[in-house]
file final.pdb (PDB, C-alpha atoms)
ATOM      1  CA  MET A1210       8.027  10.234   7.647
ATOM      2  CA  ASN A1211       9.344  13.606   8.780
ATOM      3  CA  ARG A1212       7.106  16.598   8.053
ATOM      4  CA  THR A1213       8.125  20.220   8.356
ATOM      5  CA  ARG A1214       5.584  23.007   8.047
ATOM      6  CA  PHE A1215       6.534  26.679   7.994
ATOM      7  CA  VAL A1216       5.218  30.060   6.943
ATOM      8  CA  VAL A1217       7.195  32.174   4.481
ATOM      9  CA  ALA A1218       8.623  35.194   6.274
ATOM     10  CA  PRO A1219       8.464  38.744   4.856
ATOM     11  CA  ASP A1220      12.210  38.741   4.118
ATOM     12  CA  GLU A1221      11.790  35.523   2.105
ATOM     13  CA  GLN A1222       9.328  37.091  -0.342
ATOM     14  CA  GLY A1223      10.381  36.347  -3.928
ATOM     15  CA  LEU A1224      12.806  33.538  -3.158
ATOM     16  CA  ARG A1225      12.680  30.335  -5.173
ATOM     17  CA  LEU A1226      11.078  27.311  -3.576
ATOM     18  CA  ASP A1227      14.409  25.443  -3.590
ATOM     19  CA  GLN A1228      16.015  28.414  -1.830
ATOM     20  CA  VAL A1229      13.523  28.855   0.974
ATOM     21  CA  ILE A1230      13.097  25.177   1.890
ATOM     22  CA  PRO A1231      16.704  24.599   3.066
ATOM     23  CA  ARG A1232      16.305  27.537   5.438
ATOM     24  CA  HIS A1233      13.607  25.656   7.341
ATOM     25  CA  VAL A1234      14.448  21.966   6.924
ATOM     26  CA  GLU A1235      17.548  21.028   8.863
ATOM     27  CA  GLY A1236      20.191  19.119   6.943
ATOM     28  CA  LEU A1237      18.516  19.622   3.559
ATOM     29  CA  SER A1238      20.741  21.126   0.889
ATOM     30  CA  ARG A1239      19.405  23.079  -2.044
ATOM     31  CA  ARG A1240      20.225  20.155  -4.334
ATOM     32  CA  LYS A1241      18.276  17.731  -2.141
ATOM     33  CA  ALA A1242      15.465  20.242  -1.870
ATOM     34  CA  ARG A1243      15.115  20.160  -5.650
ATOM     35  CA  THR A1244      14.910  16.352  -5.522
ATOM     36  CA  VAL A1245      12.212  16.455  -2.844
ATOM     37  CA  ILE A1246      10.258  18.948  -4.944
ATOM     38  CA  ASP A1247      10.654  16.809  -8.070
ATOM     39  CA  ILE A1248       9.313  13.638  -6.448
ATOM     40  CA  GLY A1249       6.295  15.497  -5.070
ATOM     41  CA  GLY A1250       7.142  15.991  -1.408
ATOM     42  CA  VAL A1251       6.354  19.712  -1.230
ATOM     43  CA  PHE A1252       2.980  21.393  -0.786
ATOM     44  CA  VAL A1253       2.347  25.142  -1.001
ATOM     45  CA  GLN A1254      -0.952  26.282   0.472
ATOM     46  CA  GLY A1255      -2.098  22.649   0.482
ATOM     47  CA  ALA A1256      -1.342  22.004  -3.204
ATOM     48  CA  ARG A1257       1.514  19.808  -4.416
ATOM     49  CA  VAL A1258       4.118  21.888  -6.263
ATOM     50  CA  LYS A1259       6.857  20.343  -8.426
ATOM     51  CA  VAL A1260       8.560  23.454  -9.819
ATOM     52  CA  ALA A1261      11.771  24.267  -7.951
ATOM     53  CA  GLY A1262      11.969  27.738  -9.465
ATOM     54  CA  ARG A1263       8.526  28.840  -8.329
ATOM     55  CA  THR A1264       8.787  32.002  -6.243
ATOM     56  CA  VAL A1265       7.135  32.199  -2.850
ATOM     57  CA  ARG A1266       5.124  34.933  -1.182
ATOM     58  CA  ALA A1267       5.216  36.065   2.423
ATOM     59  CA  GLY A1268       2.535  34.376   4.487
ATOM     60  CA  GLN A1269       2.309  31.214   2.378
ATOM     61  CA  THR A1270       2.313  27.911   4.261
ATOM     62  CA  ILE A1271       4.757  25.314   2.941
ATOM     63  CA  GLU A1272       4.882  21.669   4.010
ATOM     64  CA  VAL A1273       7.842  19.414   3.242
ATOM     65  CA  THR A1274       7.624  15.647   3.759
ATOM     66  CA  LEU A1275      10.748  13.506   3.864
ATOM     67  CA  GLY A1276      10.781   9.730   4.089
ATOM     68  CA  GLY A1277      11.546   6.501   2.332
ATOM     69  CA  ALA A1278      10.880   7.855  -1.156
ATOM     70  CA  LEU A1279      14.037   9.975  -1.005
ATOM     71  CA  ASP A1280      16.125   7.034   0.200
ATOM     72  CA  ALA A1281      14.602   4.771  -2.437
ATOM     73  CA  LEU A1282      16.116   6.851  -5.227
ATOM     74  CA  ALA A1283      19.554   5.581  -4.226
ATOM     75  CA  LYS A1284      18.489   1.928  -4.204
ATOM     76  CA  PRO A1285      18.117  -0.433  -7.178
ATOM     77  CA  PRO A1286      14.506  -0.841  -8.313
ATOM     78  CA  GLY A1287      12.514  -3.664  -6.751
ATOM     79  CA  PRO A1288      10.349  -6.284  -8.487
ATOM     80  CA  GLU A1289       8.092  -4.993 -11.242
ATOM     81  CA  PRO A1290       4.302  -5.315 -10.924
ATOM     82  CA  ARG A1291       2.743  -7.960 -13.160
ATOM     83  CA  VAL A1292      -0.336  -7.151 -15.211
ATOM     84  CA  ALA A1293      -2.594 -10.188 -14.810
ATOM     85  CA  TYR A1294      -5.329  -8.890 -17.125
ATOM     86  CA  SER A1295      -6.260  -5.743 -19.019
ATOM     87  CA  ASP A1296      -8.917  -4.559 -21.431
ATOM     88  CA  GLU A1297     -10.474  -1.213 -22.329
ATOM     89  CA  HIS A1298     -12.219  -0.965 -18.970
ATOM     90  CA  VAL A1299     -10.067  -2.546 -16.234
ATOM     91  CA  ILE A1300      -6.497  -3.512 -15.358
ATOM     92  CA  VAL A1301      -5.805  -6.261 -12.817
ATOM     93  CA  VAL A1302      -2.312  -5.979 -11.376
ATOM     94  CA  ASP A1303      -0.251  -8.302  -9.184
ATOM     95  CA  LYS A1304       1.566  -5.884  -6.854
ATOM     96  CA  PRO A1305       4.907  -6.844  -5.298
ATOM     97  CA  ALA A1306       5.478  -6.205  -1.619
ATOM     98  CA  GLY A1307       7.256  -2.916  -0.926
ATOM     99  CA  LEU A1308       5.540  -0.961  -3.710
ATOM    100  CA  VAL A1309       3.151   1.727  -2.520
ATOM    101  CA  THR A1310      -0.232   1.697  -4.269
ATOM    102  CA  ALA A1311      -0.918   5.419  -4.632
ATOM    103  CA  PRO A1312       0.718   8.824  -4.058
ATOM    104  CA  THR A1313       1.696   9.778  -0.519
ATOM    105  CA  PRO A1314       2.512  13.186   0.971
ATOM    106  CA  GLU A1315       6.205  12.540   0.311
ATOM    107  CA  SER A1316       5.950  11.513  -3.347
ATOM    108  CA  ASP A1317       3.668  11.058  -6.340
ATOM    109  CA  ARG A1318       6.291   9.281  -8.410
ATOM    110  CA  GLY A1319       6.994   5.565  -8.788
ATOM    111  CA  ASP A1320       3.898   4.289  -6.998
ATOM    112  CA  LEU A1321       1.686   1.657  -8.630
ATOM    113  CA  LEU A1322      -0.906   4.191  -9.799
ATOM    114  CA  ASP A1323       1.854   6.275 -11.383
ATOM    115  CA  LEU A1324       3.335   3.232 -13.131
ATOM    116  CA  MET A1325      -0.061   2.192 -14.525
ATOM    117  CA  SER A1326      -0.798   5.748 -15.645
ATOM    118  CA  ARG A1327       2.494   5.930 -17.521
ATOM    119  CA  ALA A1328       1.807   2.606 -19.238
ATOM    120  CA  TYR A1329      -1.937   2.917 -19.956
ATOM    121  CA  GLY A1330      -2.832   6.601 -19.812
ATOM    122  CA  GLU A1331      -5.504   7.810 -17.424
ATOM    123  CA  VAL A1332      -6.433   5.150 -14.868
ATOM    124  CA  TYR A1333      -8.478   5.292 -11.654
ATOM    125  CA  LEU A1334      -7.559   3.910  -8.261
ATOM    126  CA  VAL A1335     -10.367   1.642  -7.014
ATOM    127  CA  HIS A1336      -8.811   0.166  -3.855
ATOM    128  CA  ARG A1337      -5.429  -0.279  -2.169
ATOM    129  CA  LEU A1338      -3.100  -2.829  -0.664
ATOM    130  CA  ASP A1339      -0.759  -1.991   2.201
ATOM    131  CA  LEU A1340       2.859  -1.268   1.286
ATOM    132  CA  PRO A1341       4.211  -4.615   2.659
ATOM    133  CA  THR A1342       1.325  -6.681   1.225
ATOM    134  CA  SER A1343       1.583  -8.313  -2.200
ATOM    135  CA  GLY A1344      -1.156  -9.459  -4.537
ATOM    136  CA  LEU A1345      -4.039  -8.457  -6.749
ATOM    137  CA  LEU A1346      -5.638  -5.060  -7.281
ATOM    138  CA  VAL A1347      -7.984  -3.737  -9.948
ATOM    139  CA  PHE A1348      -7.718  -0.310 -11.585
ATOM    140  CA  ALA A1349     -10.442   1.260 -13.718
ATOM    141  CA  ARG A1350      -9.688   2.766 -17.111
ATOM    142  CA  THR A1351     -12.888   4.759 -17.567
ATOM    143  CA  ARG A1352     -14.997   6.907 -15.282
ATOM    144  CA  GLY A1353     -17.939   4.572 -15.722
ATOM    145  CA  ALA A1354     -15.884   1.532 -14.770
ATOM    146  CA  ASN A1355     -14.485   3.401 -11.770
ATOM    147  CA  LYS A1356     -17.975   4.279 -10.556
ATOM    148  CA  ARG A1357     -19.315   0.737 -10.921
ATOM    149  CA  LEU A1358     -16.288  -0.893  -9.321
ATOM    150  CA  GLY A1359     -16.313   1.663  -6.522
ATOM    151  CA  GLU A1360     -19.947   0.825  -5.810
ATOM    152  CA  ALA A1361     -19.128  -2.901  -5.797
ATOM    153  CA  PHE A1362     -16.417  -2.389  -3.182
ATOM    154  CA  LYS A1363     -18.696  -0.156  -1.136
ATOM    155  CA  LEU A1364     -21.399  -2.847  -1.157
ATOM    156  CA  HIS A1365     -18.773  -5.567  -0.492
ATOM    157  CA  ASP A1366     -19.786  -7.300  -3.743
ATOM    158  CA  VAL A1367     -16.189  -8.355  -4.348
ATOM    159  CA  ASP A1368     -14.453 -11.687  -3.767
ATOM    160  CA  ARG A1369     -11.169 -11.209  -1.917
ATOM    161  CA  GLU A1370      -9.161 -14.050  -0.461
ATOM    162  CA  TYR A1371      -5.760 -13.672   1.113
ATOM    163  CA  ARG A1372      -3.063 -16.093   2.184
ATOM    164  CA  ALA A1373      -1.546 -15.257   5.563
ATOM    165  CA  VAL A1374       0.816 -16.957   7.963
ATOM    166  CA  ALA A1375      -0.226 -16.204  11.534
ATOM    167  CA  ILE A1376       1.815 -17.039  14.596
ATOM    168  CA  GLY A1377       0.471 -19.948  16.655
ATOM    169  CA  ASP A1378      -2.378 -22.398  16.156
ATOM    170  CA  VAL A1379      -5.345 -20.550  14.625
ATOM    171  CA  ALA A1380      -8.815 -22.121  14.453
ATOM    172  CA  ALA A1381     -11.496 -21.500  11.816
ATOM    173  CA  GLN A1382     -13.659 -18.556  12.846
ATOM    174  CA  THR A1383     -15.350 -15.332  11.861
ATOM    175  CA  ILE A1384     -14.021 -12.164  13.475
ATOM    176  CA  ASP A1385     -16.663  -9.444  13.780
ATOM    177  CA  ARG A1386     -14.956  -6.596  15.577
ATOM    178  CA  GLU A1387     -15.110  -2.871  14.879
ATOM    179  CA  ILE A1388     -12.115  -0.976  13.563
ATOM    180  CA  ASP A1389     -12.184   2.776  14.135
ATOM    181  CA  LYS A1390     -15.846   2.459  15.167
ATOM    182  CA  ARG A1391     -16.790   0.867  11.847
ATOM    183  CA  ARG A1392     -18.006  -2.706  11.402
ATOM    184  CA  ALA A1393     -15.276  -5.059  10.226
ATOM    185  CA  VAL A1394     -15.764  -8.755   9.437
ATOM    186  CA  THR A1395     -13.011 -11.230   8.580
ATOM    187  CA  HIS A1396     -13.441 -14.954   7.886
ATOM    188  CA  VAL A1397     -10.479 -17.144   8.795
ATOM    189  CA  ALA A1398      -9.890 -20.752   7.686
ATOM    190  CA  PRO A1399      -6.731 -22.769   8.427
ATOM    191  CA  VAL A1400      -5.099 -24.285   5.349
ATOM    192  CA  GLU A1401      -2.065 -25.953   6.909
ATOM    193  CA  GLN A1402      -0.367 -26.240  10.276
ATOM    194  CA  LEU A1403       3.259 -25.153  10.150
ATOM    195  CA  ALA A1404       6.074 -25.074  12.694
ATOM    196  CA  GLY A1405       4.754 -22.593  15.261
ATOM    197  CA  ALA A1406       2.371 -20.985  12.808
ATOM    198  CA  THR A1407      -0.720 -21.513  10.662
ATOM    199  CA  LEU A1408      -1.151 -20.900   6.948
ATOM    200  CA  LEU A1409      -4.572 -19.294   6.576
ATOM    201  CA  ALA A1410      -7.109 -18.528   3.885
ATOM    202  CA  VAL A1411      -8.661 -15.217   4.869
ATOM    203  CA  THR A1412     -11.678 -13.643   3.189
ATOM    204  CA  LEU A1413     -12.921 -10.116   3.747
ATOM    205  CA  GLU A1414     -16.539  -9.190   4.174
ATOM    206  CA  THR A1415     -15.584  -5.552   4.757
ATOM    207  CA  GLY A1416     -12.477  -3.615   3.788
ATOM    208  CA  ARG A1417     -10.999  -1.535   6.591
ATOM    209  CA  THR A1418      -7.398  -0.343   6.691
ATOM    210  CA  HIS A1419      -5.109  -3.105   8.037
ATOM    211  CA  GLN A1420      -8.236  -5.176   8.745
ATOM    212  CA  ILE A1421      -6.682  -8.646   8.543
ATOM    213  CA  ARG A1422      -3.587  -7.551  10.428
ATOM    214  CA  ILE A1423      -5.567  -5.906  13.227
ATOM    215  CA  HIS A1424      -8.081  -8.729  13.586
ATOM    216  CA  LEU A1425      -5.473 -11.493  13.767
ATOM    217  CA  ALA A1426      -3.311  -9.504  16.167
ATOM    218  CA  GLY A1427      -6.411  -9.005  18.330
ATOM    219  CA  LEU A1428      -6.740 -12.790  18.587
ATOM    220  CA  GLY A1429      -3.179 -13.027  19.832
ATOM    221  CA  HIS A1430      -2.058 -14.490  16.489
ATOM    222  CA  PRO A1431      -0.390 -11.637  14.587
ATOM    223  CA  ILE A1432       0.768 -12.141  11.030
ATOM    224  CA  ALA A1433       4.426 -13.120  10.876
ATOM    225  CA  GLY A1434       6.589 -10.176   9.871
ATOM    226  CA  ASP A1435       4.031  -7.562  10.916
ATOM    227  CA  ARG A1436       6.156  -4.863  12.525
ATOM    228  CA  THR A1437       3.131  -2.699  13.257
ATOM    229  CA  HIS A1438       0.917  -5.259  14.974
ATOM    230  CA  GLY A1439       3.312  -7.529  16.859
ATOM    231  CA  GLY A1440       4.326 -10.176  14.360
ATOM    232  CA  GLU A1441       8.028  -9.337  14.589
ATOM    233  CA  THR A1442       8.560 -10.030  18.273
ATOM    234  CA  GLU A1443       6.524 -13.103  19.231
ATOM    235  CA  ARG A1444       7.684 -16.715  18.868
ATOM    236  CA  THR A1445      11.166 -15.856  17.712
ATOM    237  CA  PHE A1446      11.922 -19.552  17.146
ATOM    238  CA  ILE A1447      10.045 -19.295  13.852
ATOM    239  CA  PRO A1448      12.507 -18.700  10.968
ATOM    240  CA  ARG A1449      12.405 -14.969  10.384
ATOM    241  CA  PRO A1450       9.980 -14.142   7.543
ATOM    242  CA  PRO A1451      11.386 -12.229   4.578
ATOM    243  CA  ARG A1452       8.517  -9.700   4.808
ATOM    244  CA  LEU A1453       4.929  -9.410   5.972
ATOM    245  CA  ALA A1454       3.411 -12.850   5.368
ATOM    246  CA  LEU A1455       0.243 -11.565   3.697
ATOM    247  CA  HIS A1456      -0.706 -11.977   0.038
ATOM    248  CA  ALA A1457      -3.905 -11.027  -1.824
ATOM    249  CA  ALA A1458      -4.325 -14.303  -3.689
ATOM    250  CA  THR A1459      -7.811 -14.044  -5.236
ATOM    251  CA  LEU A1460      -9.818 -11.128  -6.585
ATOM    252  CA  GLY A1461     -13.258 -11.460  -8.153
ATOM    253  CA  PHE A1462     -15.817  -8.877  -9.248
ATOM    254  CA  THR A1463     -18.553  -8.176 -11.766
ATOM    255  CA  HIS A1464     -16.959  -6.767 -14.907
ATOM    256  CA  PRO A1465     -18.156  -3.156 -15.158
ATOM    257  CA  ALA A1466     -18.779  -3.364 -18.928
ATOM    258  CA  THR A1467     -19.874  -6.943 -19.652
ATOM    259  CA  GLY A1468     -21.691  -7.708 -16.419
ATOM    260  CA  GLU A1469     -19.944 -11.078 -16.216
ATOM    261  CA  ARG A1470     -18.422 -12.319 -12.977
ATOM    262  CA  VAL A1471     -14.648 -12.592 -13.337
ATOM    263  CA  LYS A1472     -12.061 -13.982 -10.954
ATOM    264  CA  PHE A1473      -8.259 -13.814 -10.903
ATOM    265  CA  SER A1474      -5.679 -15.607  -8.808
ATOM    266  CA  SER A1475      -2.049 -15.072  -7.870
ATOM    267  CA  GLU A1476       0.462 -17.614  -6.576
ATOM    268  CA  LEU A1477       2.451 -16.898  -3.436
ATOM    269  CA  PRO A1478       5.592 -14.907  -4.274
ATOM    270  CA  VAL A1479       8.788 -16.976  -4.311
ATOM    271  CA  GLU A1480      10.242 -15.459  -1.138
ATOM    272  CA  LEU A1481       7.122 -16.326   0.879
ATOM    273  CA  ALA A1482       6.719 -19.769  -0.680
ATOM    274  CA  GLN A1483      10.329 -20.682   0.131
ATOM    275  CA  TRP A1484       9.987 -19.430   3.705
ATOM    276  CA  ILE A1485       6.785 -21.432   4.215
ATOM    277  CA  GLU A1486       8.581 -24.504   2.915
ATOM    278  CA  ARG A1487      11.132 -24.064   5.685
ATOM    279  CA  LEU A1488       8.294 -24.066   8.212
ATOM    280  CA  ARG A1489       7.211 -27.483   6.864
ATOM    281  CA  GLU A1490      10.574 -29.094   7.525
ATOM    282  CA  PRO A1491      10.587 -31.491  10.496
TER
END

call {"tool": "encode", "arguments": {"input": "final.pdb", "output": "structure tokens"}}
result
Amino acid sequence: MNRTRFVVAPDEQGLRLDQVIPRHVEGLSRRKARTVIDIGGVFVQGARVKVAGRTVRAGQTIEVTLGGALDALAKPPGPEPRVAYSDEHVIVVDKPAGLVTAPTPESDRGDLLDLMSRAYGEVYLVHRLDLPTSGLLVFARTRGANKRLGEAFKLHDVDREYRAVAIGDVAAQTIDREIDKRRAVTHVAPVEQLAGATLLAVTLETGRTHQIRIHLAGLGHPIAGDRTHGGETERTFIPRPPRLALHAATLGFTHPATGERVKFSSELPVELAQWIERLREP
């Protein structure tokens, strides 16, 4: 992402937001500035502003974030998320890879939270999946459900199992290694040996950002297709994965209203399943 921050000059007092932004962001026309404002990529004094005609005052700080959201407008829409379960209290969603979970500095439109809000009204974000990761998430539909689910995740009283394809031969083990000075525990179990890789069942005891990806890369067995943590460059003889080979396959939790333990599962997406099948070929 490209971020530009500037302070409104005295001679810019009273200009419209879509007039002042092109003065400070190189290559951005007034028309594109209006698009960036509309998708939520502009903050004035730290608050997101989506009105192109809003006038600015001298001394105000404006931040403009440009990135993939602007480019995505010109592309055909990707796969739609699948609602695996919903009731008055929770929504369990199967997220496709490439769909961001929640608003970012560059946009608050078209993310999974936005899509669920448009379909179901007010919903609450309980946890996230990385942009390139597919699989199951739960959203709360009431404040009470959000509080109880949030506490469950904080106490790690949630069942989460992922399917991952890691480069090389990976043995069963528990990885207990801090991430950003916070305890992080990942349990790894091989499911199947593939050509130059291992299909893994991975369960989380904690939930740090990029935890599985960081822990496996730290073992020298990065997840195939992981451009951030080394999975794109090693063992190039493996057929190139279509995306990050990580999928949140199982999600279980105590229902915030009924108190019953519920569990949901998601099959590997077609593109990953077909790629794994190629790794089985002799």

call {"tool": "resolve_selection", "arguments": {"input": "final.pdb", "expression": "the PyMOL selection byres ((chain A and resi 1289) around 8)", "output": "VMD selection string"}}
result
chain A and resid 1287 to 1288 1290 to 1291 1304 to 1305

call {"tool": "residues_around", "arguments": {"input": "final.pdb", "residues": "Arg1489 in chain A", "least_positions_apart": "6", "cutoff": "9 Å", "atoms": "all atoms listed in the file", "output": "ChimeraX atom specification"}}
result
/A:1402-1404

call {"tool": "write_last_selection", "arguments": {"input": "final.pdb", "atoms": "C-alpha atoms", "output": "mmCIF file, in the frame of the given file"}}
result
data_model
loop_
_atom_site.group_PDB
_atom_site.id
_atom_site.type_symbol
_atom_site.label_atom_id
_atom_site.label_comp_id
_atom_site.auth_asym_id
_atom_site.auth_seq_id
_atom_site.Cartn_x
_atom_site.Cartn_y
_atom_site.Cartn_z
ATOM 1 C CA GLN A 1402 -0.367 -26.240 10.276
ATOM 2 C CA LEU A 1403 3.259 -25.153 10.150
ATOM 3 C CA ALA A 1404 6.074 -25.074 12.694
#

call {"tool": "residues_around", "arguments": {"input": "final.pdb", "residues": "range 1363-1374 of chain A", "least_positions_apart": "6", "cutoff": "10 Å", "atoms": "only C-alpha atoms", "output": "NGL selection string"}}
result
:A and (1342-1346 or 1357 or 1396-1403 or 1406-1416 or 1421-1422 or 1425 or 1430-1434 or 1440 or 1450 or 1453-1463 or 1470-1477 or 1481 or 1485)

call {"tool": "write_last_selection", "arguments": {"input": "final.pdb", "atoms": "C-alpha atoms", "output": "PDB file, keeping the file's coordinate frame"}}
result
ATOM      1  CA  THR A1342       1.325  -6.681   1.225  1.00  0.00           C
ATOM      2  CA  SER A1343       1.583  -8.313  -2.200  1.00  0.00           C
ATOM      3  CA  GLY A1344      -1.156  -9.459  -4.537  1.00  0.00           C
ATOM      4  CA  LEU A1345      -4.039  -8.457  -6.749  1.00  0.00           C
ATOM      5  CA  LEU A1346      -5.638  -5.060  -7.281  1.00  0.00           C
ATOM      6  CA  ARG A1357     -19.315   0.737 -10.921  1.00  0.00           C
ATOM      7  CA  HIS A1396     -13.441 -14.954   7.886  1.00  0.00           C
ATOM      8  CA  VAL A1397     -10.479 -17.144   8.795  1.00  0.00           C
ATOM      9  CA  ALA A1398      -9.890 -20.752   7.686  1.00  0.00           C
ATOM     10  CA  PRO A1399      -6.731 -22.769   8.427  1.00  0.00           C
ATOM     11  CA  VAL A1400      -5.099 -24.285   5.349  1.00  0.00           C
ATOM     12  CA  GLU A1401      -2.065 -25.953   6.909  1.00  0.00           C
ATOM     13  CA  GLN A1402      -0.367 -26.240  10.276  1.00  0.00           C
ATOM     14  CA  LEU A1403       3.259 -25.153  10.150  1.00  0.00           C
ATOM     15  CA  ALA A1406       2.371 -20.985  12.808  1.00  0.00           C
ATOM     16  CA  THR A1407      -0.720 -21.513  10.662  1.00  0.00           C
ATOM     17  CA  LEU A1408      -1.151 -20.900   6.948  1.00  0.00           C
ATOM     18  CA  LEU A1409      -4.572 -19.294   6.576  1.00  0.00           C
ATOM     19  CA  ALA A1410      -7.109 -18.528   3.885  1.00  0.00           C
ATOM     20  CA  VAL A1411      -8.661 -15.217   4.869  1.00  0.00           C
ATOM     21  CA  THR A1412     -11.678 -13.643   3.189  1.00  0.00           C
ATOM     22  CA  LEU A1413     -12.921 -10.116   3.747  1.00  0.00           C
ATOM     23  CA  GLU A1414     -16.539  -9.190   4.174  1.00  0.00           C
ATOM     24  CA  THR A1415     -15.584  -5.552   4.757  1.00  0.00           C
ATOM     25  CA  GLY A1416     -12.477  -3.615   3.788  1.00  0.00           C
ATOM     26  CA  ILE A1421      -6.682  -8.646   8.543  1.00  0.00           C
ATOM     27  CA  ARG A1422      -3.587  -7.551  10.428  1.00  0.00           C
ATOM     28  CA  LEU A1425      -5.473 -11.493  13.767  1.00  0.00           C
ATOM     29  CA  HIS A1430      -2.058 -14.490  16.489  1.00  0.00           C
ATOM     30  CA  PRO A1431      -0.390 -11.637  14.587  1.00  0.00           C
ATOM     31  CA  ILE A1432       0.768 -12.141  11.030  1.00  0.00           C
ATOM     32  CA  ALA A1433       4.426 -13.120  10.876  1.00  0.00           C
ATOM     33  CA  GLY A1434       6.589 -10.176   9.871  1.00  0.00           C
ATOM     34  CA  GLY A1440       4.326 -10.176  14.360  1.00  0.00           C
ATOM     35  CA  PRO A1450       9.980 -14.142   7.543  1.00  0.00           C
ATOM     36  CA  LEU A1453       4.929  -9.410   5.972  1.00  0.00           C
ATOM     37  CA  ALA A1454       3.411 -12.850   5.368  1.00  0.00           C
ATOM     38  CA  LEU A1455       0.243 -11.565   3.697  1.00  0.00           C
ATOM     39  CA  HIS A1456      -0.706 -11.977   0.038  1.00  0.00           C
ATOM     40  CA  ALA A1457      -3.905 -11.027  -1.824  1.00  0.00           C
ATOM     41  CA  ALA A1458      -4.325 -14.303  -3.689  1.00  0.00           C
ATOM     42  CA  THR A1459      -7.811 -14.044  -5.236  1.00  0.00           C
ATOM     43  CA  LEU A1460      -9.818 -11.128  -6.585  1.00  0.00           C
ATOM     44  CA  GLY A1461     -13.258 -11.460  -8.153  1.00  0.00           C
ATOM     45  CA  PHE A1462     -15.817  -8.877  -9.248  1.00  0.00           C
ATOM     46  CA  THR A1463     -18.553  -8.176 -11.766  1.00  0.00           C
ATOM     47  CA  ARG A1470     -18.422 -12.319 -12.977  1.00  0.00           C
ATOM     48  CA  VAL A1471     -14.648 -12.592 -13.337  1.00  0.00           C
ATOM     49  CA  LYS A1472     -12.061 -13.982 -10.954  1.00  0.00           C
ATOM     50  CA  PHE A1473      -8.259 -13.814 -10.903  1.00  0.00           C
ATOM     51  CA  SER A1474      -5.679 -15.607  -8.808  1.00  0.00           C
ATOM     52  CA  SER A1475      -2.049 -15.072  -7.870  1.00  0.00           C
ATOM     53  CA  GLU A1476       0.462 -17.614  -6.576  1.00  0.00           C
ATOM     54  CA  LEU A1477       2.451 -16.898  -3.436  1.00  0.00           C
ATOM     55  CA  LEU A1481       7.122 -16.326   0.879  1.00  0.00           C
ATOM     56  CA  ILE A1485       6.785 -21.432   4.215  1.00  0.00           C
TER      57      ILE A1485
END

call {"tool": "atom_distance", "arguments": {"input": "final.pdb", "atom1": "CA of Ala1256 in chain A", "atom2": "CA of Leu1322 in chain A"}}
result
19.0 Å

call {"tool": "residues_around", "arguments": {"input": "final.pdb", "residues": "range 1214-1223 of chain A", "least_positions_apart": "2", "cutoff": "8 Å", "atoms": "only C-alpha atoms", "output": "PyMOL selection string"}}
result
chain A and resi 1212+1225+1229+1233+1264-1273

call {"tool": "residues_around", "arguments": {"input": "final.pdb", "residues": "Thr1351 in chain A", "least_positions_apart": "6", "cutoff": "9 Å", "atoms": "all atoms listed in the file", "output": "PDB file with C-alpha atoms, in the coordinates of the input"}}
result
ATOM      1  CA  GLU A1297     -10.474  -1.213 -22.329  1.00  0.00           C
ATOM      2  CA  HIS A1298     -12.219  -0.965 -18.970  1.00  0.00           C
ATOM      3  CA  VAL A1299     -10.067  -2.546 -16.234  1.00  0.00           C
ATOM      4  CA  GLU A1331      -5.504   7.810 -17.424  1.00  0.00           C
ATOM      5  CA  VAL A1332      -6.433   5.150 -14.868  1.00  0.00           C
ATOM      6  CA  TYR A1333      -8.478   5.292 -11.654  1.00  0.00           C
TER       7      TYR A1333
END

call {"tool": "residues_around", "arguments": {"input": "final.pdb", "residues": "Trp1484 in chain A", "least_positions_apart": "4", "cutoff": "8 Å", "atoms": "only C-alpha atoms", "output": "mmCIF file with C-alpha atoms, in the coordinates of the input"}}
result
data_model
loop_
_atom_site.group_PDB
_atom_site.id
_atom_site.type_symbol
_atom_site.label_atom_id
_atom_site.label_comp_id
_atom_site.auth_asym_id
_atom_site.auth_seq_id
_atom_site.Cartn_x
_atom_site.Cartn_y
_atom_site.Cartn_z
ATOM 1 C CA PRO A 1448 12.507 -18.700 10.968
ATOM 2 C CA PRO A 1450 9.980 -14.142 7.543
ATOM 3 C CA PRO A 1451 11.386 -12.229 4.578
ATOM 4 C CA GLU A 1480 10.242 -15.459 -1.138
ATOM 5 C CA LEU A 1488 8.294 -24.066 8.212
#

call {"tool": "atom_distance", "arguments": {"input": "final.pdb", "atom1": "CA of Gly1405 in chain A", "atom2": "CA of Thr1383 in chain A"}}
result
21.6 Å

call {"tool": "resolve_selection", "arguments": {"input": "final.pdb", "expression": "the PyMOL selection byres ((chain A and resi 1320) around 6)", "output": "PyMOL selection string"}}
result
chain A and resi 1309-1311+1318-1319+1321-1323

call {"tool": "atom_distance", "arguments": {"input": "final.pdb", "atom1": "CA of Glu1490 in chain A", "atom2": "CA of Asp1378 in chain A"}}
result
16.9 Å
